Amino acid sequence: MNADSGQGQLFRSYLGSRTAVYAMALGASAAFTYGAWKHSALIMLACPAAIVLGVAGIAWFAANRAAALRFYWSFASAVGLTYANRMELLALTPLLGAGSRRRVEHWMYGRLPGELSGGVGQFVWERIDRDSDGDDTVKERHRFTICTVDLDASLSLFRGVYLHPRRGLFAPYSDWLGRTPARSVELESSEFTTRYDLRVGTDQDQILLRRLFSPTLVSWLAHHPLMPGFELKAGTLCVFVPRPLEDAGNLTFLIDAAVHLANRVLAQVEEEKARAA
Amino acid sequence: MTPVYIVIGLLALAALWIVLAYNGLVKARNKVDEAWSGIDVQLKRRHDLVPNLVETVKGYAAHERETLQNVTVARLAAVEAAEPAAVERAEARLTSALGGINALAEAYPELRASENFQRLHGELGAIEDEIQAARRIYNSNVQHYNTRTQQFPTLVIAGTLAFGPRDFFEVETPAERGVPQVAF
């Protein structure tokens, strides 16, 4: 099941609805009459066709939105989360503060597996340029799928860990970490280094970081099919993939990945507490 | 003059390639060494845990001296091993000896029920998982490095500048290597 499931059926029902039929019949008739009045065969043929296509386009768009809404709402219910169509999140990690305008769509929040508090949904960030007349132009718009987990216990130990999938030469999105003070760290695994770019805040304890990235975690990340990135800062874990995931299987997979990472962080926090005691 | 410029250009490109290939090999070799030290860290954690485990078992099965001595001797050998091949052998022996402790736990329900033993056993299991993962990382790095040293044209640089092949960290214990035998 995915966000397009049932879209065709909805489209047909919208197109066959009384409103759509009346809109098409009245619009086409009016356009035809107008063409006859103007003695233009082109208007008589083209305008009714354009009106029918316009109504079909609106029905398709509405069906698309309704199918997505239905899918995310039922997915949220199935995994015990609360659904919100659109929200704004606090910019607690660099990704959540990326660009100049951002929002989350189809946000599902509440208790994740393992009694962790968080949410999952589609994150959109845009880079907007304003010209001398004060007009805004969207230069970049990107859709990421994110899963956030509240990890207050990690607040004092992990002050900025940013694991991003390598962008390559022709990455479709710019580096949102640009102005965040961070330095690169390379771990021992070649496979991991090929996949990921690990950066940490300048005040992050390096020993603690090495302990967090245990061999099992490095190996797990190096082979994870979704290749999820994550950011850990200000007591928030934000796990992401830089593309929209719009099916139940992959969304569940992302939630599982976030829970796995959150549990690893919490285990490390516990270990550090025990060591301190 | 044009042929001279072409030759100079080609030589510059060749020099650039040599530098890049050499640096790539050095980086790959350093990754192998780094991954080996990752294994070493996990092995040391295991070595540090074993005496506590032995002491705990002694409290419940003091007369199982032979098993405990095997573990102690195997641990000492593992701590002293330095070369990868020797480490492999010593660790395999230690793993095998630790299997004896598991067998004791089966024979002594009080030991198995002991909170301390359960905690140490759990820790040991977690460390062994980390050792497996560290070994996977090491072997993957070795494969990457060996492939680079054997591929043309990098093998010319590797051969000239003594970038020898590295050995994988193999599984040695029969339990891990063996396929279960089914007899009818």
# chains A, B, ... in the order shown; residues from 1 in each chain; ligands from 1
$ interface_residues --of "chain A" --to "chain B" --cutoff "10 Å" --atoms "only C-alpha atoms" --output "PDB file with N, CA and C atoms, in the first residue's frame"
ATOM      1  N   GLU A 186      36.533  10.511  10.061  1.00  0.00           N
ATOM      2  CA  GLU A 186      36.511   9.312   9.228  1.00  0.00           C
ATOM      3  C   GLU A 186      36.615   8.083  10.119  1.00  0.00           C
ATOM      4  N   LEU A 187      35.702   7.162   9.944  1.00  0.00           N
ATOM      5  CA  LEU A 187      35.755   5.927  10.740  1.00  0.00           C
ATOM      6  C   LEU A 187      36.522   4.856   9.981  1.00  0.00           C
ATOM      7  N   GLU A 188      36.706   3.690  10.650  1.00  0.00           N
ATOM      8  CA  GLU A 188      37.629   2.698  10.113  1.00  0.00           C
ATOM      9  C   GLU A 188      37.107   1.929   8.899  1.00  0.00           C
ATOM     10  N   SER A 189      35.788   1.929   8.683  1.00  0.00           N
ATOM     11  CA  SER A 189      35.244   1.085   7.618  1.00  0.00           C
ATOM     12  C   SER A 189      35.259   1.792   6.259  1.00  0.00           C
ATOM     13  N   SER A 190      35.853   1.124   5.254  1.00  0.00           N
ATOM     14  CA  SER A 190      35.872   1.687   3.888  1.00  0.00           C
ATOM     15  C   SER A 190      34.458   1.772   3.323  1.00  0.00           C
ATOM     16  N   GLU A 191      33.661   0.730   3.570  1.00  0.00           N
ATOM     17  CA  GLU A 191      32.289   0.719   3.045  1.00  0.00           C
ATOM     18  C   GLU A 191      31.479   1.868   3.632  1.00  0.00           C
ATOM     19  N   PHE A 192      31.644   2.075   4.924  1.00  0.00           N
ATOM     20  CA  PHE A 192      30.933   3.148   5.610  1.00  0.00           C
ATOM     21  C   PHE A 192      31.362   4.510   5.047  1.00  0.00           C
ATOM     22  N   SER A 214      29.959   2.033  17.343  1.00  0.00           N
ATOM     23  CA  SER A 214      30.551   0.713  17.619  1.00  0.00           C
ATOM     24  C   SER A 214      30.606  -0.062  16.297  1.00  0.00           C
ATOM     25  N   PRO A 215      31.433  -1.105  16.223  1.00  0.00           N
ATOM     26  CA  PRO A 215      31.497  -1.879  14.977  1.00  0.00           C
ATOM     27  C   PRO A 215      30.137  -2.377  14.496  1.00  0.00           C
ATOM     28  N   THR A 216      29.265  -2.780  15.437  1.00  0.00           N
ATOM     29  CA  THR A 216      27.953  -3.280  14.992  1.00  0.00           C
ATOM     30  C   THR A 216      27.143  -2.162  14.338  1.00  0.00           C
ATOM     31  N   LEU A 217      27.214  -0.951  14.896  1.00  0.00           N
ATOM     32  CA  LEU A 217      26.463   0.164  14.316  1.00  0.00           C
ATOM     33  C   LEU A 217      27.046   0.552  12.951  1.00  0.00           C
ATOM     34  N   VAL A 218      28.373   0.599  12.878  1.00  0.00           N
ATOM     35  CA  VAL A 218      29.023   0.961  11.611  1.00  0.00           C
ATOM     36  C   VAL A 218      28.649  -0.053  10.531  1.00  0.00           C
ATOM     37  N   SER A 219      28.717  -1.328  10.894  1.00  0.00           N
ATOM     38  CA  SER A 219      28.400  -2.387   9.943  1.00  0.00           C
ATOM     39  C   SER A 219      26.926  -2.319   9.535  1.00  0.00           C
ATOM     40  N   TRP A 220      26.062  -2.055  10.494  1.00  0.00           N
ATOM     41  CA  TRP A 220      24.620  -1.952  10.225  1.00  0.00           C
ATOM     42  C   TRP A 220      24.344  -0.799   9.252  1.00  0.00           C
ATOM     43  N   ALA A 222      26.488   0.597   7.212  1.00  0.00           N
ATOM     44  CA  ALA A 222      27.156   0.380   5.923  1.00  0.00           C
ATOM     45  C   ALA A 222      26.373  -0.547   5.000  1.00  0.00           C
TER      46      ALA A 222
END
$ residues_around --residues "range 76-84 of chain A" --least-positions-apart "3" --cutoff "10 Å" --atoms "only C-alpha atoms" --output "PyMOL selection string"
chain A and resi 69-73+87+104-113+118-121+248+252
$ closest_residue --among "B:Gln151, B:Thr2, B:Asn23, B:Ser114" --to "Gly59 in chain B" --atoms "only C-alpha atoms"
B:Ser114
$ select_by_dssp --residues "range 65-218 of chain A" --states "helix (DSSP H, G or I)" --output "ChimeraX atom specification"
/A:65-78,95-97,152-154,190-195,206-212,215-218
$ residues_around --residues "Glu126 in chain A" --least-positions-apart "5" --cutoff "9 Å" --atoms "only C-alpha atoms" --output "JSON list (two decimals) with N, CA and C atoms, in the first residue's frame"
[["chain", "number", "residue", "atom", "x", "y", "z"],
["A", 98, "ALA", "N", 17.02, 23.63, 7.72],
["A", 98, "ALA", "CA", 17.64, 23.83, 6.40],
["A", 98, "ALA", "C", 16.84, 24.81, 5.55],
["A", 99, "GLY", "N", 17.55, 25.50, 4.67],
["A", 99, "GLY", "CA", 16.89, 26.41, 3.72],
["A", 99, "GLY", "C", 16.28, 27.61, 4.41],
["A", 100, "SER", "N", 15.39, 28.30, 3.69],
["A", 100, "SER", "CA", 14.78, 29.49, 4.27],
["A", 100, "SER", "C", 13.30, 29.28, 4.61],
["A", 101, "ARG", "N", 12.72, 28.19, 4.13],
["A", 101, "ARG", "CA", 11.32, 27.91, 4.49],
["A", 101, "ARG", "C", 11.15, 26.39, 4.53],
["A", 102, "ARG", "N", 10.45, 25.90, 5.52],
["A", 102, "ARG", "CA", 10.29, 24.45, 5.63],
["A", 102, "ARG", "C", 8.97, 24.11, 6.30],
["A", 138, "VAL", "N", 11.60, 30.68, -5.51],
["A", 138, "VAL", "CA", 12.06, 29.41, -4.92],
["A", 138, "VAL", "C", 13.18, 28.86, -5.79],
["A", 139, "LYS", "N", 14.39, 28.82, -5.24],
["A", 139, "LYS", "CA", 15.56, 28.33, -5.99],
["A", 139, "LYS", "C", 15.72, 26.81, -5.85],
["A", 140, "GLU", "N", 15.37, 26.30, -4.69],
["A", 140, "GLU", "CA", 15.48, 24.85, -4.46],
["A", 140, "GLU", "C", 14.27, 24.40, -3.64],
["A", 141, "ARG", "N", 13.76, 23.23, -3.96],
["A", 141, "ARG", "CA", 12.71, 22.63, -3.11],
["A", 141, "ARG", "C", 13.01, 21.14, -3.02],
["A", 142, "HIS", "N", 13.12, 20.63, -1.81],
["A", 142, "HIS", "CA", 13.48, 19.22, -1.64],
["A", 142, "HIS", "C", 12.54, 18.53, -0.67]]
